[in-house]
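Participant: Structure incoming, see below.
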Amino acid sequence: MGRSDVCLRGKDLLGLQNMEPAEIELILDTAREMKTIIDRDIKKVPTLRGKAIVNLFFEPSTRTRTSFELAGKYLGADVINITTSTSSVVKGESLRDTLLTVEAMGVDIIVMRHAAEGATQFAAGIVKPLLINAGDGAHEHPTQGLLDMFTMREEKGSLQGLKVAIIGDILHSRVARSNIWGLKKMGAEVHLAGPQTLLPRDIDTLGVQVHKRIEEALEGADVVNVLRIQRERQQKGLFPSAREYARIFGVNKSRLALAKPDALLMHPGPMNRGLEIAPDIAYSEQSVIAEQVKNGLAVRMAALYLMLMGGNQVETIN
C-alpha cells in the first residue's frame with residue numbers, strides 16, 4: 001500500500017496548505033486500498049471497531065456528511081451526526097460549549113463543518129479529540145481537495161505536470177483553495193478563470209496563472225474543474241445575471257472542446273446546471289463527477305483510518 005516510513009505529522013487534518021507532499025501521497029495511496037472495500041458485497045471491516053466519530057455540521061451538506069458517516073461505519077466505528085437544527089445551538093449554545101460537550105462524551109474524532117474561516121483551527125485548540133476540517137467558510141475543504149487529486153491520479157496516472165483549469169467562483173470557494181495548495185505541492189500546473197469580482201484579492205500570491213478569459217484557461221487543459229456559484233455566500237451584484245454568467249463563464253460543450261480530447265470534467269457538487277456547467281456535458285463521457293463522489297468516500301475512509309491508527313499505513317486492510 002505504499003511507503004511504511006511515512007506518517008501523518010499533525011494531530012488534526014485542518015488543511016492542505018501546511019501538509020507535506022509525502023503526507024498527501026500517503027492518504028491517496030491508502031484511499032486506493034479503501035476503494036476496494038467499497039466495491040465488496042459486504043462493506044464492513046473491523047479496523048476502527050470501538051472508535052467513536054461525531055460529524056458536527058453547522059452548515060448543510062449531503063456528500064461530505066454522508067460520505068464521512070459511511071466511511072466510519074464501513075470501518076466499523078460508531079458514528080453520530082449532529083446538525084445545527086437539531087442541537088442546542090438553536091438555544092444559543094456557543095461553539096466552545098458545544099465542542100466541550102461532545103468531548104465530554106468520550107469521542108475519538110470530530111468531523112466539523114462551519115461557516116467561519118478558521119473555526120476548525122479554533123476547535124482544535126479547545127478539545128483533545130482529533131479534528132477533521134469538513135469545510136470552514138471560504139478557507140479550506142481538505143478532503144475535497146484530496147478526493148479531487150485522487151480522481152485525477154486514478155484517471156491520469158500522475159499529478160505531475162498536469163494542467164488543471166479551475167473555473168468559476170474562486171473567491172468564495174474553499175474547494176479552490178484546497179485544490180490550489182494540494183495540486184501545486186504535487187507538481188500540477190494550476191490555471192484559474194472567473195469574473196474579476198469573484199477572484200480573491202491575494203490571487204497573485206498563490207502561485208497560479210490567472211486568465212481574464214475562460215477560453216485561455218481551458219486551452220490544452222488535462223483537467224477542467226468547474227466550481228459551483230455559491231449564491232448563499234455572495235452579495236448581490238457580483239455578476240450581472242445568471243444568463244450573463246453562463247454566456248461568458250459557463251463551461252459548455254464548445255468551451256470544453258478547447259481542452260485536451262481526454263480532459264477530465266469535474267465538479268464538487270451540487271451543480272447549478274445551466275449556470276456554471278451545461279447539462280449536456282455534466283454527464284458526458286469526459287465527466288468524472290459521479291466517480292468523485294465514490295472517491296470521496298475512499299479518501300475519507302483513508303483519513304479516518306490513518307488518523308485513528310496513529311498516522312501510519314499498514315500493509316493490508318481485512
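Residues are named by chain letter and number: chains run A, B, ... in the order of the C-alpha cells, numbers start at 1 in each chain, and ligands are numbered from 1 in the order shown.
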Can you tell me, as a compact mmCIF listing (two decimals) with N, CA, C and O atoms, in the first residue's frame, what residues are no more than 10 Å from A:Met34 when counting only C-alpha atoms, ignoring any on the same chain fewer than 6 positions away?
Facilitator:
# COMPACT_ATOMS: atom_id res chain seq x y z
N LEU A 28 -3.55 9.40 -0.39
CA LEU A 28 -4.02 8.93 -1.70
C LEU A 28 -3.75 7.44 -1.88
O LEU A 28 -4.59 6.71 -2.43
N ALA A 71 -18.05 6.28 5.72
CA ALA A 71 -16.64 5.94 5.89
C ALA A 71 -16.38 5.35 7.27
O ALA A 71 -15.72 4.32 7.42
N TYR A 74 -18.27 1.86 7.52
CA TYR A 74 -17.60 0.80 6.75
C TYR A 74 -16.36 0.29 7.47
O TYR A 74 -15.98 -0.86 7.32
N LEU A 75 -15.73 1.16 8.27
CA LEU A 75 -14.52 0.77 9.00
C LEU A 75 -14.83 0.27 10.42
O LEU A 75 -13.94 0.00 11.20
N ASN A 295 -14.97 8.35 -4.90
CA ASN A 295 -13.60 8.57 -4.43
C ASN A 295 -13.57 9.37 -3.14
O ASN A 295 -12.66 9.20 -2.32
N LEU A 297 -15.62 9.03 -0.69
CA LEU A 297 -15.82 8.05 0.37
C LEU A 297 -14.51 7.33 0.68
O LEU A 297 -14.13 7.16 1.85
N ALA A 298 -13.77 6.93 -0.36
CA ALA A 298 -12.49 6.23 -0.17
C ALA A 298 -11.47 7.12 0.54
O ALA A 298 -10.75 6.67 1.44
N VAL A 299 -11.40 8.38 0.14
CA VAL A 299 -10.45 9.32 0.76
C VAL A 299 -10.80 9.57 2.22
O VAL A 299 -9.90 9.63 3.08
N ARG A 300 -12.07 9.69 2.53
CA ARG A 300 -12.47 9.94 3.92
C ARG A 300 -12.27 8.70 4.79
O ARG A 300 -11.95 8.82 5.96
N MET A 301 -12.43 7.54 4.20
CA MET A 301 -12.08 6.31 4.92
C MET A 301 -10.58 6.31 5.23
O MET A 301 -10.17 5.96 6.34
N ALA A 302 -9.78 6.70 4.25
CA ALA A 302 -8.33 6.74 4.45
C ALA A 302 -7.94 7.73 5.53
O ALA A 302 -7.09 7.44 6.38
N TYR A 305 -8.99 6.37 8.96
CA TYR A 305 -8.13 5.24 9.31
C TYR A 305 -6.74 5.69 9.74
O TYR A 305 -6.24 5.29 10.80
N THR A 316 -2.10 -4.22 4.78
CA THR A 316 -3.37 -4.73 4.25
C THR A 316 -4.53 -4.29 5.14
O THR A 316 -4.38 -4.05 6.33
N ILE A 317 -5.71 -4.20 4.53
CA ILE A 317 -6.94 -3.92 5.25
C ILE A 317 -7.84 -5.13 5.06
O ILE A 317 -8.24 -5.45 3.94
Participant: Excluding A:Leu95 and any residue of its chain fewer than 5 positions from it, enumerate the residues within 9 Å of it, using only C-alpha atoms, and give them as a PDB file with C-alpha atoms, in the first residue's frame.
Facilitator:
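Result file follows (around-v2.pdb):
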ATOM      1  CA  VAL A  89     -27.021  25.710  19.069  1.00  0.00           C
ATOM      2  CA  LEU A 100     -16.686  20.660  25.156  1.00  0.00           C
ATOM      3  CA  ALA A 119     -13.388  27.553  13.039  1.00  0.00           C
ATOM      4  CA  ALA A 123     -11.815  23.929  17.777  1.00  0.00           C
TER       5      ALA A 123
END
Participant: So that I can see what lies close to stretch 256-263 of chain A, please list as an NGL selection string the residues with an atom at most 12 Å from it, counting only C-alpha atoms and leaving out residues fewer than 2 positions away in the same chain.
Facilitator: :A and (152 or 155-156 or 162-165 or 167 or 214-226 or 249-254 or 265-266 or 277-278 or 280-282 or 284-288)
Participant: Next, dump the selected residues to file, keeping only C-alpha atoms, as a CSV table (one decimal), in the first residue's frame.
Facilitator:
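In the end it all went to selection_33.csv:
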chain,number,residue,atom,x,y,z
A,152,MET,CA,-7.1,12.9,-11.3
A,155,GLU,CA,-7.5,8.7,-14.3
A,156,LYS,CA,-4.2,10.2,-15.4
A,162,LEU,CA,-1.0,18.2,-15.4
A,163,LYS,CA,-2.6,21.4,-16.5
A,164,VAL,CA,-5.6,21.9,-14.2
A,165,ALA,CA,-8.1,24.6,-15.0
A,167,ILE,CA,-13.2,27.8,-13.4
A,214,ILE,CA,-12.2,31.3,-19.7
A,215,GLU,CA,-11.0,30.1,-23.1
A,216,GLU,CA,-7.4,30.8,-22.2
A,217,ALA,CA,-7.6,28.7,-19.1
A,218,LEU,CA,-9.2,25.8,-20.9
A,219,GLU,CA,-6.8,25.7,-23.8
A,220,GLY,CA,-5.0,22.4,-23.6
A,221,ALA,CA,-6.1,21.5,-20.1
A,222,ASP,CA,-5.9,18.0,-18.8
A,223,VAL,CA,-8.5,18.6,-16.1
A,224,VAL,CA,-11.4,21.1,-16.0
A,225,ASN,CA,-12.7,21.6,-12.5
A,226,VAL,CA,-15.9,23.7,-12.6
A,249,PHE,CA,-18.0,32.0,-17.9
A,250,GLY,CA,-20.2,28.9,-18.2
A,251,VAL,CA,-18.4,25.7,-19.3
A,252,ASN,CA,-20.3,24.2,-22.2
A,253,LYS,CA,-19.5,21.7,-25.0
A,254,SER,CA,-17.8,24.1,-27.3
A,265,LEU,CA,-14.6,17.3,-16.4
A,266,MET,CA,-15.0,17.7,-12.6
A,277,ILE,CA,-22.0,24.0,-16.2
A,278,ALA,CA,-24.1,23.0,-19.2
A,280,ASP,CA,-25.2,18.1,-21.8
A,281,ILE,CA,-21.6,17.8,-20.6
A,282,ALA,CA,-22.3,17.2,-16.9
A,284,SER,CA,-20.8,13.2,-20.7
A,285,GLU,CA,-18.1,10.6,-21.2
A,286,GLN,CA,-15.5,13.1,-20.0
A,287,SER,CA,-17.3,13.7,-16.8
A,288,VAL,CA,-16.0,12.0,-13.6
Participant: Excluding A:Ala242 and any residue of its chain fewer than 5 positions from it, enumerate the residues within 10 Å of it, using only C-alpha atoms, and give them as a list of chain:residue names.
Facilitator: A:Ile229, A:Arg247, A:Gly250, A:Gly274, A:Leu275, A:Glu276
Participant: Residues of stretch 134-315 of chain A classed as strand (DSSP E or B) by DSSP on the backbone are to be reported as a list in words.
Facilitator: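 Secondary structure check on stretch 134-315 of chain A, strand (DSSP E or B): Ala134, Gly135, Asp136, Glu140, Lys163, Val164, Ala165, Ile166, Ile167, Glu189, Val190, His191, Leu192, Ala193, Gln209, Val210, His211, Val223, Val224, Asn225, Val226, Val251, Leu264, Leu265, Met266, Arg273, Ile277, Ser287 and Asn312 of chain A.
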Participant: Excluding A:Leu183 and residues on its chain fewer than 2 positions from it, collect all residues at most 12 Å away from it, counting only C-alpha atoms, and give them as a PyMOL selection string.
Facilitator: chain A and resi 16-17+19-21+24-25+142+145-150+152-153+158-166+175-181+185-191+206-208+223
Participant: Here is a test: counting only C-alpha atoms, which residue of A:Gly125, A:Thr36, A:Val111, A:Pro46 is nearest to A:Glu69?
Facilitator: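 Nearest to A:Glu69: A:Val111.
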Participant: So that I can check the surroundings of A:Leu171, please list as a list in words every protein, DNA and RNA residue that reaches within 9 Å of it, counting only C-alpha atoms and ignoring chain neighbours fewer than 3 positions away.
Facilitator: Ala138, Gly168, Arg174, Ala176, Thr197, Leu198, Leu199, Pro200 and Arg201 of chain A
Participant: Can you write just those residues out, C-alpha atoms, as a CSV table (one decimal), in the first residue's frame?
Facilitator:
chain,number,residue,atom,x,y,z
A,138,ALA,CA,-14.3,30.0,2.3
A,168,GLY,CA,-15.8,30.0,-11.6
A,174,ARG,CA,-12.8,26.6,0.0
A,176,ALA,CA,-10.5,26.0,-4.9
A,197,THR,CA,-15.4,40.2,-8.9
A,198,LEU,CA,-15.1,36.5,-7.9
A,199,LEU,CA,-11.3,36.4,-7.7
A,200,PRO,CA,-9.6,36.8,-4.3
A,201,ARG,CA,-7.6,40.0,-3.8
Participant: In Å, how far is it from atom CA of A:Tyr245 to atom CA of A:His211?
Facilitator: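 Here the two named atoms are 15.8 Å from each other.
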Participant: Counting only C-alpha atoms, what is within 12 Å of A:Cys7, bar same-chain residues fewer than 6 positions away, as a list of chain:residue names?
Facilitator: A:Met19, A:Glu20, A:Pro21, A:Ala22, A:Glu23, A:Ile24, A:Glu25, A:Leu26, A:Ile27, A:Asp29, A:Thr30, A:Ala303, A:Tyr305, A:Leu306, A:Met307, A:Met309, A:Gly310, A:Gly311, A:Asn312, A:Gln313, A:Val314
Participant: Pick from A:Ala77, A:Leu192, A:Val54, A:Leu238: nearest to A:Pro129, with only C-alpha atoms counted?
Facilitator: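 Answer, going by the shortest atom-to-atom distance: A:Val54.
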